[in-house]
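J.: Okay, here's the structure, questions in a sec.
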Amino acid sequence: MYTIVQQRPDSIYDLFERKDGDQHVTHYCPGCGHGVIHKMIAECLDDLGVQDRTILVSPVGCSVFAYYYFDVGNVQAPHGRAPAVATGIKRSRPGSIVLSYQGDGDLAAIGGNEILHAANRGEDITVFFVNNAIYGMTGGQMAPTSLLGQKTTTSPFGRTLQNEGYPMRVCELLAALEAPVYLERTAIFDSKNNMRTRKAIRKAIQNQIDGLGFSLVEILSPCPTIWKMTPQDARKWLNENMIPYYKPGVYRDKTAPPTKSIVTLQAASGSSSAASEAGQTPATKVPADNAVEPSSPPPAPSRRTARKEVPLVEVPSLLGIRATERPGETSGSAALLGNYNERSRFFDSTVSPAPPRSEAGFFPSTVPEKYQNPQIKIAGFGGQGVLLLGEVLAESGMLSGYRVSWLPSYGPEMRGGTAHCHVRLSQHEIGSPLVSRPTILLSLNKPSLLKFLPEATPGALIIYNSSLIDEPPVRDDIETVPLSATEIAEKIGSPKVANMVMIGGLMARTHLLSKETVFAAIDALVKNQALIELNRRAIEAGMQAVLELEAVLQS
Amino acid sequence: MSKELIKGNEAIVKAAILAGCRAYFGYPITPASEIAEAAAYYFPTVGGTFLQAESEVASINMIYGASSAGLRCMTGSSGPGISLMQEGISYLAGSELPCVIADIMRGGPGLGNIGPEQGDYNQMVKGGGHGNYHNIVLAPNSAQEMCDLTILAFELADKYRNPAVVLADGYIGQMMEPVDFPETAQEAPVKDWAARGDAATRKNVITSIYLSHEALEQHELRLAEKYRRIRESEVRYEAYQVSDAEIVLVGYGIVSRVLKSAVDMARHYGIRAGLFRPITLFPFPTQQLAEISMSTERFLTVELSDGQLVDDVRLAISRRHPCDFYSRMGGCVPSTEEVFDVIRSTISHPAECNEAMAVPMGLHAV
């Protein structure tokens, strides 16, 4: 008869089957803090009943193999990126408990940006930051947390202020941010501090269960092998050297009632080693200027967990995709699969047929042949609505049944410089969407006319904004139509609709686009109802102006 | 059929959501920013996650997390951002995590400019991160294909548990064309290998570390076998007017559109030109190109980079014929007329590996 009084927690495997060699013991060295911390975390997961929900993100460092031991979902992350990986997991599975387990090189050096921003976003994750002031796994190189004077393989003469700067205090750094709800530094070296660590771990996980936000526990932890000490000496060294610089304590607790403005901080033991040798670090009550802020409001309920559930059938309409009536077609999953498989079967034939050549009568008979299949370039100042002008042509071209493409100039030049775009309306499949030799040029200002006039093909149609272009284009092999677009637009109510006046001019001259399709295009592209009306009037005025001009020329 | 006039970049986002993607993590960069902007609007609308990360390093690692958790997820960027993602992409490949990455290529090494270029070919198709791995790389040449190939990218990524890339240039991203979207939305598959934070997946481990040399070699051999299967089954390409061609042009993305027009122009003037367009860049259609080289002797590769694609073309056909090469860079895209001139010039010269890059005035002399 016997009674089990101590056993491994459920969240730790009994046998480490993922590990080579002896599967009864961990790969951690005697006296290392990781084993103790692992056990504390696992016991806590058991106690809180969240083993199944937990996903542990392990770092690069000695604890890269945390998945040997933890019987929870495990994801191993690139060096320093665990907070970003944890963010991706938590946002994807808001109901899971996501733990990021990181060392000092991982978190404070290469992963500095990731931890800072995860904390600043208030990610609903729990971070265990194991600080042993050294790179352990790679053999003892300097960490951002190595102490001044500490000799490492990459600071062989000791860390100096001049060369490497001050050791980084992570809790203090993160306490400057508004979002974290809980930041505490503890240590592994005696039973009292170990108990505090256990308590902090539990609280940090409980916070996530409660959906409170970002929690981090920094745990000062001995590394006897790399420090080249016995486990006993390592504990002593931690107490005498790390504790004075990295003061244990609560650096943030927004989970506590606002009245608790005093917290217990471990006093620096400094050089007085008597107390610490006896394992008795004196604890004193100090005002916590870096701890609980009484003025801070209690944390809001987690903003992550409430996610809108959208039924699949509603998704296309939310994307603005209009359903087509297809009478007699099967619906449901079979149709769905057919639809997608069709798209996946991509061009497995070796030779495509040539595209159909010109189909007579594709363009309305009112469109003179020279204006059919136009390659249009539109150019002007940024801010003249050049791109929108092109979009309206392309949209209404599409509604007219033509093949269309619209290609903008993009980037900084849109803000103040010149802007242009290429539009093609075609009865054939459109090869190059670039209009290098325009058959129609719509020019809204002088620099753009000078720039693009030489590109125009012989016989090209040039409609230019004569309000801003005082000299007509000089070429005897082109057709030119002056249109005082800006003046006409001003008369209607705004110089901004000069672009629509140009469209009206193009429509009157070429008959490529009907008023019906252009108005429909404007309805689709312009959100403001008042502007829609103004645009329509501008288009009609542009048409009128060109018709009047033609009447004058014919008489 | 109801079509929507839409930018390629925005089409990617709608297609991703229709394909069951519910998590987007990214960082803005021209000329890919419309992807992040559209994602910021549409992902929350359908109950998904959009998060603007602090960097591309973080965004690709958020993808690593979301994919580990079993979601269909994606990010988008352009050259400089893609460079920052390479570490994460190597980890995704090593851990066999599916995801979709859209790369809307811009100009130059360093900051370069925001014009269209194809200089990310090597870093996306050949690797770019450390170690032995491949991305599946799809190269759309229209807004419609930005939609269709994004959907395909999600399917292939999950089928092979591998990152899939939609590799487009600034023009394909910025251009608006009518797109016919699927009218039904897909349910993302349930992934039993993922760490979903439940009892069923508690035993799962997502990792790329294999401490023993033999174990890692086995892992890499398994990956190599996967890439062999991808090469065998997933090649896609378009061949246009090649059966009787005296010269076959090779190009992808925006270039292939110009080449198609140039083929038509050449045929109009009596030159029997054809076009071969790889749609999958990995796997590259090596075999198909080799077959065409049985009947055609002259090849001309045109790309917006300094000779990245042409390497693969030459590998495919080099035993038989040389391949001429014409390149524009820095945001310059050759016009149809310019390519036509290059075709005329090429066929009037003896077959050898002629090269011409960034010729002043845009006109080419071999």
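Within each chain, counting starts at residue 1; across the structure tokens, chains are named A, B, ... in the order shown, with ligands numbered 1 upward in that order.
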Just list as a ChimeraX atom specification whatever in segment 89-281 of chain B DSSP marks as strand (DSSP E or B).

T.: /B:99-105,107,113,136-138,163-169,176-179,205-206,237-240,247-250,273-278,280-281

J.: Which residues are close to Gly95 of chain A, i.e. within 10 Å by only C-alpha atoms, leaving aside same-chain residues fewer than 3 positions away? Reply as a list in words.

T.: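 Close residues of Gly95 of chain A: Arg53, Thr54, Lys90, Arg91, Ser92, Val98, Gln208, Ile209, Gly211, Arg304, Thr305 and Ala306 of chain A; Arg196, Gly197 and Asp198 of chain B.
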
J.: Which residue is closest to chain B? Choose from A:Cys171, A:Leu425, A:Ile463, A:Ala379 and count only C-alpha atoms.

T.: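 Nearest candidate to chain B out of A:Cys171, A:Leu425, A:Ile463, A:Ala379: A:Leu425.
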
J.: Could you list, as a PyMOL selection string, every residue within 8 Å of segment 503-510 of chain A, counting only C-alpha atoms and ignoring same-chain residues fewer than 5 positions away?

T.: chain A and resi 367-368+371+389+393+463+483+515+538-547

J.: Mind the document's chain letters and residue numbers, and return as number ranges by chain the residues of segment 136-218 of chain A that DSSP labels helix (DSSP H, G or I).

T.: A: 170-174, 191-209

J.: Quick one: of A:Ser409, A:Thr255, A:Thr457, A:Ser155, who's nearest to chain B, counting only C-alpha atoms?

T.: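 Comparing A:Ser409, A:Thr255, A:Thr457, A:Ser155 against chain B, the winner is A:Ser409.
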